[in-house]
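**Student:** TSV, C-alpha atoms, saved as coords_4.tsv, coming up:
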```tsv
chain	number	residue	atom	x	y	z
A	1	MET	CA	-61.11	-3.27	-18.67
A	2	ASN	CA	-59.00	-0.18	-18.19
A	3	ALA	CA	-60.99	1.39	-15.41
A	4	ARG	CA	-61.46	-0.20	-11.99
A	5	PRO	CA	-65.15	-0.82	-11.13
A	6	ARG	CA	-66.10	1.01	-7.99
A	7	THR	CA	-67.62	-2.18	-6.58
A	8	LEU	CA	-64.29	-4.01	-6.39
A	9	ARG	CA	-62.95	-4.61	-2.93
A	10	ARG	CA	-59.74	-2.88	-1.94
A	11	ILE	CA	-56.75	-4.97	-1.00
A	12	ALA	CA	-54.75	-4.06	2.08
A	13	VAL	CA	-51.02	-3.45	1.86
A	14	THR	CA	-49.89	-5.98	4.42
A	15	GLY	CA	-47.08	-4.73	6.58
A	16	ILE	CA	-46.86	-1.46	4.63
A	17	ALA	CA	-44.47	1.17	5.96
A	18	LEU	CA	-45.71	4.69	5.43
A	19	ALA	CA	-42.59	6.35	6.77
A	20	ALA	CA	-38.97	5.26	6.37
A	21	LEU	CA	-39.82	1.81	7.74
A	22	THR	CA	-41.63	1.02	10.54
A	23	VAL	CA	-34.61	-33.31	-0.71
A	24	GLY	CA	-36.15	-35.93	1.19
A	25	ALA	CA	-38.98	-38.45	0.67
A	26	GLY	CA	-42.03	-36.94	-0.93
A	27	ALA	CA	-40.30	-33.72	-1.99
A	28	PRO	CA	-39.79	-32.69	-5.61
A	29	ALA	CA	-36.78	-34.45	-7.13
A	30	ALA	CA	-35.55	-31.23	-8.71
A	31	LEU	CA	-36.45	-27.59	-8.87
A	32	ALA	CA	-36.58	-26.73	-12.55
A	33	SER	CA	-36.05	-23.11	-13.42
A	34	PRO	CA	-39.42	-21.91	-14.73
A	35	GLY	CA	-39.54	-20.35	-18.14
A	36	GLY	CA	-36.23	-21.69	-19.42
A	37	PRO	CA	-32.71	-20.25	-19.28
A	38	GLY	CA	-33.69	-16.77	-20.40
A	39	SER	CA	-36.67	-16.27	-18.12
A	40	SER	CA	-34.81	-14.12	-15.62
A	41	ALA	CA	-34.29	-11.35	-18.16
A	42	SER	CA	-36.96	-8.67	-18.45
A	43	ALA	CA	-38.61	-7.86	-21.76
A	44	THR	CA	-39.28	-4.15	-21.50
A	45	VAL	CA	-41.72	-1.84	-23.20
A	46	HIS	CA	-38.87	-0.87	-25.51
A	47	GLY	CA	-39.26	-4.22	-27.31
A	48	PRO	CA	-42.72	-4.01	-28.96
A	49	GLY	CA	-44.14	-7.24	-30.28
A	50	ALA	CA	-42.50	-9.35	-27.59
A	51	ALA	CA	-45.88	-10.17	-26.03
A	52	ALA	CA	-48.93	-11.69	-27.70
A	53	HIS	CA	-51.17	-9.73	-25.35
A	54	ASP	CA	-50.69	-5.98	-25.09
A	55	PRO	CA	-51.19	-5.08	-21.40
A	56	ALA	CA	-52.97	-1.83	-22.23
A	57	ALA	CA	-54.32	-1.23	-18.72
A	58	LEU	CA	-50.84	-1.49	-17.22
A	59	ARG	CA	-49.37	0.73	-19.92
A	60	ALA	CA	-51.98	3.38	-19.20
A	61	LEU	CA	-51.35	3.22	-15.47
A	62	LEU	CA	-47.59	3.58	-15.90
A	63	ALA	CA	-48.10	6.45	-18.36
A	64	SER	CA	-49.97	8.38	-15.65
A	65	LEU	CA	-46.93	8.38	-13.34
A	66	PRO	CA	-45.51	10.23	-11.55
A	67	ASP	CA	-48.57	11.55	-9.74
A	68	GLU	CA	-49.65	12.47	-6.22
A	69	VAL	CA	-49.26	8.85	-5.03
A	70	SER	CA	-46.17	7.44	-6.79
A	71	THR	CA	-42.96	8.92	-8.15
A	72	GLY	CA	-42.10	5.81	-10.14
A	73	ALA	CA	-43.01	2.16	-10.67
A	74	LEU	CA	-41.98	-1.17	-12.14
A	75	VAL	CA	-44.34	-3.87	-13.43
A	76	ARG	CA	-43.59	-7.33	-14.79
A	77	LEU	CA	-46.34	-9.43	-16.40
A	78	SER	CA	-45.80	-13.03	-17.51
A	79	GLY	CA	-47.53	-16.33	-18.11
A	80	ALA	CA	-50.85	-16.65	-19.95
A	81	GLY	CA	-51.04	-14.31	-22.93
A	82	GLN	CA	-47.32	-13.47	-22.87
A	83	ARG	CA	-44.82	-15.17	-25.16
A	84	THR	CA	-42.09	-13.60	-23.03
A	85	PRO	CA	-42.30	-11.57	-19.82
A	86	TRP	CA	-43.37	-7.97	-20.35
A	87	THR	CA	-41.79	-5.29	-18.19
A	88	GLY	CA	-42.73	-1.63	-17.99
A	89	THR	CA	-41.35	1.19	-15.87
A	90	ALA	CA	-42.26	4.76	-15.00
A	91	GLY	CA	-40.18	7.48	-13.40
A	92	PRO	CA	-36.64	6.89	-12.17
A	93	VAL	CA	-37.03	3.12	-11.78
A	94	ALA	CA	-34.90	0.52	-13.56
A	95	ALA	CA	-36.41	-2.74	-14.81
A	96	ASP	CA	-33.79	-4.71	-12.83
A	97	ALA	CA	-34.01	-2.61	-9.65
A	98	ASP	CA	-33.08	-4.23	-6.34
A	99	ILE	CA	-36.16	-3.97	-4.15
A	100	PRO	CA	-36.70	-4.46	-0.41
A	101	ILE	CA	-39.68	-6.81	-0.61
A	102	GLY	CA	-40.72	-6.65	3.04
A	103	SER	CA	-43.58	-9.00	3.87
A	104	VAL	CA	-43.36	-10.83	0.55
A	105	THR	CA	-40.52	-12.58	2.42
A	106	LYS	CA	-43.21	-14.53	4.29
A	107	LEU	CA	-43.96	-16.56	1.17
A	108	PHE	CA	-40.37	-17.79	1.06
A	109	THR	CA	-40.50	-18.70	4.76
A	110	ASN	CA	-43.76	-20.60	4.45
A	111	ALA	CA	-42.48	-22.41	1.38
A	112	LEU	CA	-39.52	-23.64	3.43
A	113	VAL	CA	-41.89	-24.90	6.12
A	114	LEU	CA	-44.06	-26.68	3.55
A	115	ARG	CA	-40.98	-28.32	2.04
A	116	SER	CA	-40.16	-29.68	5.50
A	117	VAL	CA	-43.70	-31.07	5.63
A	118	ALA	CA	-43.17	-32.68	2.21
A	119	GLU	CA	-39.94	-34.22	3.47
A	120	HIS	CA	-41.82	-35.68	6.48
A	121	ARG	CA	-39.66	-33.79	8.94
A	122	ILE	CA	-42.65	-32.01	10.46
A	123	GLU	CA	-46.44	-32.41	10.39
A	124	ILE	CA	-48.52	-29.44	9.32
A	125	ASP	CA	-51.21	-30.05	11.95
A	126	ALA	CA	-48.81	-30.93	14.76
A	127	PRO	CA	-48.27	-28.50	17.66
A	128	VAL	CA	-45.41	-26.09	17.06
A	129	ARG	CA	-44.31	-26.72	20.64
A	130	ARG	CA	-43.41	-30.30	19.67
A	131	TYR	CA	-40.53	-28.85	17.64
A	132	LEU	CA	-39.79	-25.68	19.65
A	133	PRO	CA	-40.50	-26.59	23.30
A	134	ASP	CA	-37.96	-24.06	24.54
A	135	LEU	CA	-39.60	-21.21	22.62
A	136	ILE	CA	-43.37	-21.73	22.72
A	137	PRO	CA	-44.96	-21.22	26.17
A	138	ASP	CA	-47.24	-23.90	27.54
A	139	ALA	CA	-50.24	-21.57	27.13
A	140	TYR	CA	-49.76	-21.90	23.35
A	141	ALA	CA	-49.27	-25.68	23.35
A	142	ALA	CA	-52.26	-26.17	21.04
A	143	VAL	CA	-50.96	-23.88	18.27
A	144	THR	CA	-50.20	-25.88	15.12
A	145	VAL	CA	-47.73	-25.35	12.30
A	146	ARG	CA	-50.62	-24.68	9.91
A	147	GLN	CA	-51.98	-21.95	12.19
A	148	LEU	CA	-48.63	-20.16	12.12
A	149	MET	CA	-48.80	-19.96	8.35
A	150	ASP	CA	-52.45	-19.00	7.94
A	151	HIS	CA	-52.34	-16.45	10.77
A	152	THR	CA	-54.84	-18.17	13.08
A	153	ALA	CA	-52.29	-19.00	15.81
A	154	ASP	CA	-53.47	-16.21	18.14
A	155	LEU	CA	-49.89	-15.45	19.17
A	156	PRO	CA	-49.19	-12.02	20.71
A	157	MET	CA	-48.26	-9.22	18.33
A	158	LEU	CA	-44.55	-8.38	18.11
A	159	THR	CA	-43.40	-5.86	20.71
A	160	SER	CA	-39.66	-6.47	20.97
A	161	GLU	CA	-37.08	-4.23	19.27
A	162	SER	CA	-34.33	-6.86	19.46
A	163	ALA	CA	-32.32	-7.61	16.32
A	164	ASP	CA	-32.10	-11.28	17.33
A	165	PRO	CA	-35.14	-13.29	16.15
A	166	ARG	CA	-35.23	-15.70	19.07
A	167	THR	CA	-34.89	-12.91	21.61
A	168	MET	CA	-37.58	-10.96	19.78
A	169	VAL	CA	-40.06	-13.83	20.10
A	170	LEU	CA	-39.20	-14.63	23.71
A	171	ASP	CA	-39.49	-10.97	24.69
A	172	THR	CA	-42.85	-10.71	22.95
A	173	PHE	CA	-44.26	-13.71	24.80
A	174	ALA	CA	-42.91	-12.40	28.12
A	175	ALA	CA	-44.30	-8.89	27.62
A	176	ASP	CA	-47.72	-10.23	26.69
A	177	ALA	CA	-47.82	-12.60	29.67
A	178	ALA	CA	-47.03	-9.69	31.97
A	179	ALA	CA	-49.63	-7.41	30.40
A	180	ARG	CA	-52.39	-10.04	30.10
A	181	PRO	CA	-51.68	-12.74	32.70
A	182	ASP	CA	-55.17	-14.22	32.55
A	183	ARG	CA	-55.47	-14.39	28.76
A	184	ILE	CA	-56.44	-17.76	27.31
A	185	PRO	CA	-55.32	-18.11	23.67
A	186	ALA	CA	-57.88	-19.36	21.15
A	187	PRO	CA	-55.92	-20.66	18.14
A	188	GLY	CA	-57.87	-21.55	15.03
A	189	THR	CA	-60.83	-19.28	15.74
A	190	VAL	CA	-59.89	-15.94	14.14
A	191	GLN	CA	-57.40	-14.92	11.46
A	192	GLN	CA	-55.17	-12.01	12.43
A	193	TYR	CA	-52.18	-11.02	10.32
A	194	ASN	CA	-49.21	-11.12	12.68
A	195	GLY	CA	-45.45	-10.97	12.11
A	196	THR	CA	-44.78	-13.07	15.22
A	197	ASN	CA	-46.03	-16.09	13.28
A	198	SER	CA	-43.34	-15.64	10.63
A	199	PHE	CA	-40.52	-15.20	13.15
A	200	VAL	CA	-41.57	-18.46	14.81
A	201	ALA	CA	-41.79	-20.13	11.39
A	202	GLY	CA	-38.25	-18.98	10.61
A	203	LEU	CA	-36.99	-20.39	13.90
A	204	LEU	CA	-38.83	-23.62	13.10
A	205	VAL	CA	-36.99	-23.81	9.77
A	206	GLU	CA	-33.68	-23.43	11.58
A	207	ARG	CA	-34.50	-26.09	14.19
A	208	ILE	CA	-35.69	-28.66	11.66
A	209	SER	CA	-32.99	-28.05	9.03
A	210	GLY	CA	-30.05	-27.59	11.38
A	211	ARG	CA	-29.01	-24.59	9.28
A	212	THR	CA	-29.48	-20.87	9.61
A	213	TYR	CA	-32.55	-19.45	7.91
A	214	GLU	CA	-30.39	-17.81	5.25
A	215	GLU	CA	-28.46	-21.04	4.58
A	216	GLU	CA	-31.64	-23.08	4.21
A	217	LEU	CA	-33.23	-20.45	1.98
A	218	GLN	CA	-30.21	-20.52	-0.32
A	219	ARG	CA	-30.03	-24.32	-0.33
A	220	ALA	CA	-33.70	-25.12	-0.87
A	221	ILE	CA	-35.02	-22.23	-2.97
A	222	VAL	CA	-32.60	-19.53	-4.09
A	223	ARG	CA	-29.85	-21.61	-5.72
A	224	PRO	CA	-32.08	-24.31	-7.28
A	225	LEU	CA	-34.32	-21.67	-8.86
A	226	GLY	CA	-31.44	-19.44	-9.94
A	227	LEU	CA	-32.65	-16.43	-7.96
A	228	ARG	CA	-29.40	-14.52	-8.37
A	229	GLN	CA	-30.57	-11.27	-6.75
A	230	THR	CA	-32.59	-12.64	-3.81
A	231	ARG	CA	-30.81	-12.30	-0.48
A	232	MET	CA	-31.07	-10.94	3.04
A	233	SER	CA	-31.04	-7.16	2.92
A	234	ALA	CA	-27.85	-5.29	3.73
A	235	ASP	CA	-30.00	-2.50	5.14
A	236	PRO	CA	-30.26	-3.06	8.91
A	237	ARG	CA	-33.73	-1.50	8.90
A	238	MET	CA	-34.86	-4.41	6.75
A	239	ALA	CA	-32.54	-7.20	7.88
A	240	ARG	CA	-33.94	-7.11	11.42
A	241	PHE	CA	-37.27	-8.34	10.03
A	242	TRP	CA	-35.49	-11.53	8.89
A	243	ALA	CA	-37.90	-14.37	7.97
A	244	GLU	CA	-40.83	-11.99	8.37
A	245	GLY	CA	-39.71	-9.23	6.00
A	246	GLY	CA	-35.95	-9.03	5.52
A	247	LEU	CA	-35.30	-9.99	1.90
A	248	ASP	CA	-34.25	-7.94	-1.12
A	249	SER	CA	-35.06	-9.20	-4.61
A	250	THR	CA	-35.88	-8.16	-8.19
A	251	ALA	CA	-39.03	-8.41	-10.28
A	252	ALA	CA	-37.48	-11.18	-12.40
A	253	ASP	CA	-36.54	-13.24	-9.33
A	254	LEU	CA	-39.97	-12.77	-7.75
A	255	ASP	CA	-41.64	-13.83	-10.99
A	256	ARG	CA	-39.48	-16.94	-11.17
A	257	PHE	CA	-40.28	-17.78	-7.53
A	258	MET	CA	-44.04	-17.40	-8.03
A	259	ALA	CA	-43.91	-19.52	-11.19
A	260	ALA	CA	-42.17	-22.28	-9.21
A	261	LEU	CA	-44.38	-22.01	-6.13
A	262	LEU	CA	-47.79	-21.92	-7.82
A	263	GLY	CA	-46.63	-23.99	-10.78
A	264	GLY	CA	-45.79	-27.03	-8.64
A	265	ARG	CA	-41.98	-26.95	-8.88
A	266	LEU	CA	-41.35	-26.36	-5.19
A	267	LEU	CA	-43.92	-28.68	-3.62
A	268	PRO	CA	-45.49	-32.06	-4.40
A	269	PRO	CA	-49.30	-32.24	-4.84
A	270	ALA	CA	-50.01	-33.17	-1.23
A	271	GLN	CA	-48.50	-29.88	-0.06
A	272	GLN	CA	-49.42	-27.86	-3.16
A	273	ARG	CA	-53.07	-27.95	-2.12
A	274	HIS	CA	-52.22	-26.00	1.03
A	275	LEU	CA	-51.51	-22.96	-1.16
A	276	TYR	CA	-55.24	-22.49	-1.63
A	277	GLU	CA	-56.63	-23.58	1.75
A	278	VAL	CA	-58.12	-20.55	3.52
A	279	PRO	CA	-59.64	-21.21	6.98
A	280	ASP	CA	-63.37	-20.57	7.31
A	281	VAL	CA	-63.09	-18.13	10.22
A	282	PRO	CA	-63.67	-14.41	10.71
A	283	TYR	CA	-60.89	-11.91	10.12
A	284	GLY	CA	-59.81	-9.83	13.11
A	285	GLN	CA	-58.78	-6.22	13.34
A	286	GLY	CA	-57.08	-4.30	10.54
A	287	LYS	CA	-57.55	-3.92	6.79
A	288	ASN	CA	-55.69	-6.95	5.57
A	289	CYS	CA	-58.89	-8.87	4.75
A	290	LEU	CA	-61.59	-6.37	3.96
A	291	SER	CA	-64.44	-8.82	3.37
A	292	GLY	CA	-64.70	-9.62	7.10
A	293	LYS	CA	-63.61	-13.20	6.48
A	294	ALA	CA	-60.19	-14.78	6.41
A	295	CYS	CA	-58.18	-14.33	3.17
A	296	PHE	CA	-54.75	-15.86	3.96
A	297	SER	CA	-54.09	-19.47	3.00
A	298	ALA	CA	-52.01	-22.11	4.75
A	299	ALA	CA	-49.09	-20.94	2.61
A	300	GLY	CA	-49.51	-17.29	3.57
A	301	LEU	CA	-50.95	-16.35	0.17
A	302	MET	CA	-53.70	-13.74	0.09
A	303	ARG	CA	-56.84	-14.62	-1.88
A	304	TYR	CA	-58.21	-11.66	-3.82
A	305	GLU	CA	-60.97	-11.30	-6.40
A	306	THR	CA	-60.47	-8.87	-9.25
A	307	GLY	CA	-63.66	-8.82	-11.27
A	308	ASP	CA	-64.56	-12.50	-11.63
A	309	THR	CA	-60.96	-13.68	-11.39
A	310	VAL	CA	-59.39	-15.12	-8.25
A	311	VAL	CA	-55.71	-14.34	-7.76
A	312	TRP	CA	-53.29	-15.30	-5.01
A	313	GLY	CA	-50.37	-13.23	-3.78
A	314	LYS	CA	-48.70	-11.11	-1.16
A	315	THR	CA	-47.83	-7.48	-0.62
A	316	GLY	CA	-44.95	-5.93	1.28
A	317	SER	CA	-42.90	-2.80	1.67
A	318	GLY	CA	-39.50	-1.42	2.53
A	319	PRO	CA	-37.83	1.98	2.59
A	320	GLY	CA	-39.12	3.85	-0.46
A	321	TRP	CA	-40.96	0.86	-1.97
A	322	SER	CA	-44.32	-0.90	-1.98
A	323	THR	CA	-44.14	-4.32	-3.63
A	324	GLY	CA	-46.42	-7.21	-4.47
A	325	VAL	CA	-46.68	-10.53	-6.30
A	326	PHE	CA	-49.94	-12.02	-7.58
A	327	ALA	CA	-50.90	-14.93	-9.83
A	328	THR	CA	-53.83	-17.03	-10.91
A	329	GLU	CA	-53.88	-20.66	-9.73
A	330	GLN	CA	-51.11	-22.85	-11.13
A	331	ALA	CA	-49.30	-19.59	-12.05
A	332	GLY	CA	-51.34	-19.13	-15.24
A	333	ARG	CA	-50.68	-15.40	-15.26
A	334	ARG	CA	-48.24	-13.68	-12.91
A	335	LEU	CA	-47.82	-10.05	-11.90
A	336	VAL	CA	-45.00	-8.39	-9.98
A	337	TYR	CA	-45.27	-4.69	-9.21
A	338	ALA	CA	-43.14	-2.26	-7.21
A	339	PHE	CA	-43.75	1.44	-6.85
A	340	ASN	CA	-42.16	4.35	-5.02
A	341	PRO	CA	-44.74	6.01	-2.78
A	342	LYS	CA	-44.59	9.78	-2.91
A	343	PRO	CA	-43.75	11.35	0.47
A	344	GLY	CA	-47.01	12.34	2.09
A	345	ALA	CA	-49.18	9.85	0.19
A	346	SER	CA	-51.75	8.43	2.58
A	347	ARG	CA	-52.15	4.76	3.44
A	348	ASP	CA	-55.49	4.66	1.62
A	349	GLN	CA	-53.94	6.20	-1.49
A	350	GLN	CA	-51.21	3.58	-1.47
A	351	ILE	CA	-53.72	0.77	-0.98
A	352	ASP	CA	-55.71	2.08	-3.94
A	353	ARG	CA	-52.54	2.11	-6.05
A	354	VAL	CA	-51.92	-1.54	-5.20
A	355	VAL	CA	-55.46	-2.38	-6.27
A	356	GLN	CA	-54.98	-0.49	-9.53
A	357	PHE	CA	-51.88	-2.53	-10.40
A	358	VAL	CA	-53.52	-5.85	-9.54
A	359	ASN	CA	-56.76	-5.10	-11.37
A	360	ALA	CA	-54.89	-3.84	-14.44
A	361	GLY	CA	-52.64	-6.90	-14.51
A	362	PHE	CA	-55.55	-9.34	-14.62
A	363	ALA	CA	-58.10	-7.15	-16.42
A	364	ASP	CA	-58.68	-9.49	-19.38
A	365	GLN	CA	-58.56	-12.82	-17.53
A	366	PRO	CA	-61.60	-15.13	-17.74
A	367	GLY	CA	-63.47	-15.66	-14.49
A	368	THR	CA	-62.16	-18.38	-12.18
A	369	ALA	CA	-64.18	-17.61	-9.07
```
Reformat the file's structure so that it appears as structure tokens.

**Tutor:**
Amino acid sequence: MNARPRTLRRIAVTGIALAALTVGAGAPAALASPGGPGSSASATVHGPGAAAHDPAALRALLASLPDEVSTGALVRLSGAGQRTPWTGTAGPVAADADIPIGSVTKLFTNALVLRSVAEHRIEIDAPVRRYLPDLIPDAYAAVTVRQLMDHTADLPMLTSESADPRTMVLDTFAADAAARPDRIPAPGTVQQYNGTNSFVAGLLVERISGRTYEEELQRAIVRPLGLRQTRMSADPRMARFWAEGGLDSTAADLDRFMAALLGGRLLPPAQQRHLYEVPDVPYGQGKNCLSGKACFSAAGLMRYETGDTVVWGKTGSGPGWSTGVFATEQAGRRLVYAFNPKPGASRDQQIDRVVQFVNAGFADQPGTA
């Protein structure tokens, strides 16, 4: 299927910036590096025959660039149908480019929280205020850890410009209380994509682990998986988004992370099931879930249907980049894309480009819906 059916739903670019930027008990004993020692190296289009399946739809899409939407792009396809990862590029983009991944960072943050659940240090359905009583106001005492991660917490939207995560959250709560003093939160009733949830989750990671977010990320995920190019961004425009959107990475590292997360290397079965648990509630304002129902799981993964195939992933953006990771369940096939939006390209054009990459990456997959 090279062409996208007009009936397919469009996927929203969560957190997209259109200008410069707006092991304890129960845990896995070891984090094996998925794909073997050489899996971090990209197999590019310059090595024909490396893949059993020729990703024709992706090749065609890359061959059409640059155009009025993108000046360049990078795609990595791996898993089912690929003997080795296949990487293609278009325009002035290197296969090993360092990319500001923006909101894809949320998947790393939620994975850290779920590992704490696996280690019995927190309970997924316990109130967040049990662990952060000095951060969460009494009005939000009913908000659970799960609701932070699946965006049903009903916390106020971020308003603070502080570079300190704790101050940012406290300022946001204070500003909302002043603006809406009579508001009664209703957690668990509506899903609304909200960066405040991820900042609170990052602070929860720090409180439970006794380490900084960056230290715990390195200890629990980055070093065990061999993610050599995944780190907090040196760009202050990105770094201020911290556990919500502050990481830089590469396509190879993101592929390795998704293989570990969906493939069961990061979490035991009891927590692995949370990856695919989407609350049965309406979706609120915005274009993040276009069906009118919730699409984010308890791990922060977005559920999306391309043809008859269900894939799970996350999108994000940073200065000059729009990025995403998607995979079928158990990481059967995995796609990482990153493209450079052309200055002046509209939000809808960029959303359509995301959909084109995702649909092309899973075009020949059998239905799993």

**Student:** Taking all atoms listed in the file into account, which of A:Ile136, A:Ala251, A:Gln272, A:Phe339 comes nearest Gln356 of chain A?

**Tutor:** A:Phe339

**Student:** Give me the residues within 7 Å of Ser297 of chain A as a PyMOL selection string, counting all atoms listed in the file and dropping any in the same chain fewer than 3 places off.

**Tutor:** chain A and resi 150+275-278+300-302

**Student:** Looking at A:Pro133, A:Pro224, A:Gly284, A:Gly91, which one is nearest to Asn194 of chain A, with distances taken over all atoms listed in the file?

**Tutor:** A:Gly284

**Student:** Neighbouring residues of Pro66 of chain A were defined as those with any atom within 8 Å, considering all atoms listed in the file; residues of the same chain fewer than 3 positions away were excluded. Please report them as a ChimeraX atom specification.

**Tutor:** /A:69-72,90-91

**Student:** Would you kindly return, as a compact mmCIF listing (two decimals) with C-alpha atoms, keeping the file's coordinate frame, each protein, DNA or RNA residue with an atom no farther than 7 Å from any atom of segment 343-348 of chain A, considering all atoms listed in the file and excluding same-chain residues fewer than 3 positions away?

**Tutor:**
```txt
# COMPACT_ATOMS: atom_id res chain seq x y z
CA LEU A 18 -45.71 4.69 5.43
CA GLU A 68 -49.65 12.47 -6.22
CA VAL A 69 -49.26 8.85 -5.03
CA ILE A 351 -53.72 0.77 -0.98
CA ASP A 352 -55.71 2.08 -3.94
```

**Student:** Each residue of segment 70-171 of chain A lying at most 12 Å from segment 213-219 of chain A should get a row with its shortest atom-to-atom pair and the distance in Å to one decimal, counting only C-alpha atoms; could you produce that, ordered by chain and increasing number, as a tab-separated table?

**Tutor:**
```
residue	atom	partner	partner_atom	distance
A:Thr105	CA	A:Leu217	CA	10.7
A:Lys106	CA	A:Leu217	CA	11.8
A:Leu107	CA	A:Leu217	CA	11.4
A:Phe108	CA	A:Leu217	CA	7.7
A:Thr109	CA	A:Leu217	CA	8.0
A:Asn110	CA	A:Leu217	CA	10.8
A:Ala111	CA	A:Leu217	CA	9.5
A:Leu112	CA	A:Leu217	CA	7.2
A:Val113	CA	A:Leu217	CA	10.6
A:Arg115	CA	A:Glu216	CA	10.9
A:Ser116	CA	A:Glu216	CA	10.9
A:Pro165	CA	A:Tyr213	CA	10.6
```
